[in-house]
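Working notes for the structure below.
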Amino acid sequence: MIFVTLEHILTHICFSIISVVIIIQLMTFFGDEIPGLSDSLEKGMRATFLSITGLLIIRWIYSAHFPLSNLYESLMFLSWSFAIIHMIPKIWNHQNATVLSAITTPSAILTQAFATSGLSTEMHQSAILVPALRSHWLMMHVSMMLLSYAALLVGSLFSIALLVITFRKNLKFVIENPNLLLGSSVFDQMDCLNLNENINKRTSFSSSSFNNFYKNQLIERLDYWSSRIISIGFTFLTIGILSGAVWANEAWGSYWNWDPKETWAFITWTIYAIYSHTRTTKNWQGANSAIVASIGFFIIWICYFGVNLLGIGLHSYGSFILS
């Protein structure tokens with residue numbers, strides 16, 4: 001009983017922090033830069049990460065199984081994965097981390113908000129595992145799949161942003177607010193332009209050249225993060241599918257059964273394998289590879305939700321139950 005109470009407390013703490021972080025994120029995005037606001041956002045994300053971690057550990061203790069057996073638990077783990085992706089570059093103090101946080105922060109917030117307030121109370125309850133799920137492979141297979149989904153979704157969102165910026169003619173809002181995606185590190189790297197110290201030199205450029213410069217900077221940053229995060233996600237996806245095949249052989253006597261979940265997982269893997277191949281050809285990098293990743297974004301959601309909505313196949317143990 002005490003664990004359930006602690007879980008409810010952490011759930012409310014997470015939701016309260018999320019509400020504050022959402023407000024800070026909107027103020028950062030649409031308002032003028034306020035000293036200390038960015039630090040508050042990062043502290044909020046760390047507090048959210050720690051709260052979700054505590055919630056998952058407590059749920060693991062009182063349910064006696066790794067908390068990945070239903071939609072609520074998987075969404076909370078997915079939000080935790082987004083937070084991990086957000087925090088790693090910050091820990092390493094990567095100069096381009098600002099670009100990454102523009103995608104990871106909203107992803108973590110929206111996923112957790114949907115899990116907390118968008119699902120019924122009954123779906124929050126921890127259920128007894130069906131026999132097929134009572135295996136040590138549950139942790140290995142499902143955690144790898146969800147980590148891969150998080151990385152692939154973030155990378156694909158960067159690709160979608162790249163396509164929007166590439167084909168959109170009017171980038172006035174982005175150009176006037178370059179820190180939204182580029183971060184202050186961009187200005188540190190532009191010694192040749194010396195924008196902060198020599199306004200006259202900046203104004204000597206034509207308006208179109210100045211806009212194109214920032215547009216190209218945005219595209220390069222988005223392409224950089226997209227390719228690297230997707231490569232990590234593709235590795236996790238491969239491990240997840242292989243471990244799932246071993247688990248399937250133990251549970252059902254066959255490594256592969258071509259049920260809907262497995263079929264869509266294979267389709268997802270194929271899409272991102274094609275993306276990885278396009279990255280090896282220079283002419284296919286940039287917008288061309290981003291189109292492939294954008295297709296993968298929608299395929300992932302079909303793989304994640306589609307089978308559970310239909311309630312068919314070996315991987316469906318009830319409404320919104322994940323394996």
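All residue names refer to the structure tokens as shown: chains lettered A, B, ... in order, residues numbered from 1 in each chain, ligands numbered from 1 in order.
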
- Task: Excluding segment 264-274 of chain A and residues on its chain fewer than 3 positions from it, collect all residues at most 10 Å away from it, counting only C-alpha atoms, and give them as a count of residues only.
- Result: 36

- Given only C-alpha atoms as the counted atoms, nearest of A:Leu56, A:Ile239, A:Ile18, A:Ile9 to Thr105 of chain A: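 Closest to Thr105 of chain A, using only C-alpha atoms: A:Ile18.
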
- Message: I want to know what sits within 6 Å of segment 10-16 of chain A, based on only C-alpha atoms, with residues of the same chain fewer than 3 positions away left out; could you give that as a list in words?
- Response: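 Final neighbour list, sorted by chain and number: Glu7, Ser19, Thr48 and Ser51 of chain A.
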
- Given the choices A:Asn70, A:Ser40, A:Ser227, A:Thr104, which gets closest to Met123 of chain A if the distance is worked out from only C-alpha atoms? A:Asn70

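For Pro106 of chain A, the non-local neighbours within 12 Å, defined as residues at least 2 positions apart in the same chain or in other chains and counting only C-alpha atoms, are Ile18, Ser19, Val21, Ile22, Ile23, Ile24, Gln25, Leu26, Phe29, Leu41, Met45, Ser79, Phe82, Ala83, His86, Leu100, Ser101, Ala102, Ile103, Thr104, Ala108, Ile109, Leu110, Thr111, Gln112, Ala113, Phe114, Val154 and Leu157 of chain A.
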
May I have the selected residues written with N, CA and C atoms, as a short mmCIF file (atom, residue, chain, number, x, y, z; two decimals), in the first residue's frame?
```cif
data_model
loop_
_atom_site.label_atom_id
_atom_site.label_comp_id
_atom_site.auth_asym_id
_atom_site.auth_seq_id
_atom_site.Cartn_x
_atom_site.Cartn_y
_atom_site.Cartn_z
N ILE A 18 5.70 18.96 -15.05
CA ILE A 18 5.44 19.07 -16.50
C ILE A 18 4.70 20.35 -16.81
N SER A 19 3.71 20.69 -16.00
CA SER A 19 2.94 21.91 -16.24
C SER A 19 3.84 23.13 -16.21
N VAL A 21 7.17 23.12 -16.68
CA VAL A 21 8.11 23.04 -17.80
C VAL A 21 7.46 23.47 -19.10
N ILE A 22 6.19 23.11 -19.30
CA ILE A 22 5.47 23.53 -20.50
C ILE A 22 5.41 25.05 -20.58
N ILE A 23 5.09 25.69 -19.46
CA ILE A 23 5.02 27.16 -19.43
C ILE A 23 6.38 27.77 -19.74
N ILE A 24 7.43 27.21 -19.12
CA ILE A 24 8.78 27.72 -19.37
C ILE A 24 9.18 27.52 -20.83
N GLN A 25 8.82 26.34 -21.39
CA GLN A 25 9.14 26.06 -22.79
C GLN A 25 8.47 27.06 -23.71
N LEU A 26 7.20 27.37 -23.46
CA LEU A 26 6.48 28.33 -24.29
C LEU A 26 7.07 29.74 -24.15
N PHE A 29 10.23 29.83 -26.09
CA PHE A 29 10.04 29.74 -27.54
C PHE A 29 9.49 31.03 -28.12
N LEU A 41 14.47 25.53 -17.02
CA LEU A 41 13.95 24.49 -17.89
C LEU A 41 14.75 23.20 -17.72
N MET A 45 13.55 19.53 -16.29
CA MET A 45 13.71 18.27 -17.01
C MET A 45 14.43 17.24 -16.15
N SER A 79 8.70 8.24 -22.24
CA SER A 79 9.00 9.60 -21.78
C SER A 79 10.35 9.62 -21.07
N PHE A 82 13.00 9.64 -23.73
CA PHE A 82 13.18 10.98 -24.30
C PHE A 82 14.04 11.84 -23.38
N ALA A 83 13.79 11.73 -22.07
CA ALA A 83 14.57 12.51 -21.11
C ALA A 83 16.04 12.09 -21.10
N HIS A 86 17.65 13.59 -24.02
CA HIS A 86 17.81 15.03 -23.77
C HIS A 86 19.02 15.31 -22.89
N LEU A 100 19.11 19.85 -29.89
CA LEU A 100 18.47 18.61 -29.49
C LEU A 100 17.33 18.86 -28.53
N SER A 101 17.51 19.77 -27.58
CA SER A 101 16.48 20.01 -26.56
C SER A 101 15.21 20.60 -27.16
N ALA A 102 15.31 21.24 -28.33
CA ALA A 102 14.12 21.79 -28.98
C ALA A 102 13.15 20.70 -29.39
N ILE A 103 13.63 19.46 -29.53
CA ILE A 103 12.78 18.34 -29.90
C ILE A 103 12.52 17.43 -28.71
N THR A 104 13.55 17.12 -27.93
CA THR A 104 13.40 16.15 -26.85
C THR A 104 12.52 16.64 -25.72
N ALA A 108 9.23 14.54 -24.49
CA ALA A 108 9.12 13.97 -23.15
C ALA A 108 7.89 14.50 -22.42
N ILE A 109 7.64 15.80 -22.57
CA ILE A 109 6.51 16.43 -21.90
C ILE A 109 5.18 15.89 -22.40
N LEU A 110 5.00 15.86 -23.72
CA LEU A 110 3.73 15.43 -24.29
C LEU A 110 3.46 13.96 -24.03
N THR A 111 4.50 13.13 -24.10
CA THR A 111 4.32 11.70 -23.85
C THR A 111 3.88 11.44 -22.42
N GLN A 112 4.56 12.09 -21.48
CA GLN A 112 4.21 11.89 -20.08
C GLN A 112 2.84 12.49 -19.76
N ALA A 113 2.54 13.63 -20.33
CA ALA A 113 1.24 14.27 -20.10
C ALA A 113 0.11 13.37 -20.60
N PHE A 114 0.30 12.74 -21.77
CA PHE A 114 -0.72 11.83 -22.29
C PHE A 114 -0.87 10.60 -21.41
N VAL A 154 12.78 10.90 -32.27
CA VAL A 154 13.48 12.19 -32.16
C VAL A 154 14.25 12.49 -33.44
N LEU A 157 11.86 13.44 -36.18
CA LEU A 157 11.32 14.79 -36.01
C LEU A 157 12.31 15.84 -36.50
#
```

- Query: Hey, what's within 8 Å of Asp223 of chain A if we count only C-alpha atoms and toss same-chain stuff fewer than 2 positions away? As a ChimeraX atom specification, please?
  - Reply: /A:158-159,162,219-221,225-227,286,290

- Task: Quick one: pull the distance between atom CA of Arg46 of chain A and atom CA of Phe77 of chain A, Å, one decimal.
- Result: 15.1 Å

- Name the closest residue to Leu119 of chain A among the candidates A:Met140, A:Leu71, A:Ile160, A:Leu146; distances are taken between atoms, counting only C-alpha atoms.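 Nearest to Leu119 of chain A: A:Leu71.
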
- Report the residues of segment 42-75 of chain A whose backbone DSSP state falls under alpha helix (DSSP H), written as a PyMOL selection string. chain A and resi 42-63+71-75

- Message: Quick one: residues within 12 Å of Ala64 of chain A, only C-alpha atoms, excluding same-chain residues fewer than 4 positions away - as an NGL selection string?
- Response: :A and (3 or 56-60 or 68-69 or 126-129 or 134)

Selection file, C-alpha atoms, as a PDB file, in the first residue's frame:
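part.pdb was written with the following content:
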```
ATOM      1  CA  PHE A   3       4.382   1.805  -2.598  1.00  0.00           C
ATOM      2  CA  LEU A  56       9.211   3.124 -12.485  1.00  0.00           C
ATOM      3  CA  ILE A  57      11.411   1.675  -9.713  1.00  0.00           C
ATOM      4  CA  ILE A  58       8.565   1.744  -7.188  1.00  0.00           C
ATOM      5  CA  ARG A  59       6.189   0.169  -9.693  1.00  0.00           C
ATOM      6  CA  TRP A  60       8.832  -2.492 -10.411  1.00  0.00           C
ATOM      7  CA  LEU A  68       6.568  -2.588 -19.321  1.00  0.00           C
ATOM      8  CA  SER A  69       3.383  -4.646 -19.480  1.00  0.00           C
ATOM      9  CA  SER A 126      -0.460  -2.787 -12.770  1.00  0.00           C
ATOM     10  CA  ALA A 127      -1.836  -6.152 -13.899  1.00  0.00           C
ATOM     11  CA  ILE A 128      -0.604  -9.695 -13.390  1.00  0.00           C
ATOM     12  CA  LEU A 129       1.499 -10.805 -16.334  1.00  0.00           C
ATOM     13  CA  ARG A 134       6.799 -14.012 -17.525  1.00  0.00           C
TER      14      ARG A 134
END
```

- Query: Between A:Glu250, A:Glu122, A:Glu42, A:Glu73, which one has atoms that come closest to Val142 of chain A, using only C-alpha atoms?
  - Reply: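 Among A:Glu250, A:Glu122, A:Glu42, A:Glu73, it is A:Glu73 that comes nearest to Val142 of chain A.
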
- From A:Leu75, A:Trp284, A:Thr53, A:Val130, residue lying nearest Ala150 of chain A [only C-alpha atoms]: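 Checking each candidate against Ala150 of chain A, we get A:Leu75 as the closest.
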
- Task: Grab the atom CA of His141 of chain A to atom CA of Trp256 of chain A distance for me, in Å with one decimal place.
- Result: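 Between these atoms lies a distance of 14.3 Å.
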
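Here atom CA of His8 of chain A is placed at a distance of 13.5 Å from atom CA of Tyr72 of chain A.
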
- Residue nearest Ile88 of chain A among A:Leu133, A:Ala251, A:Ile229, A:Ala47 (counting only C-alpha atoms): A:Ile229
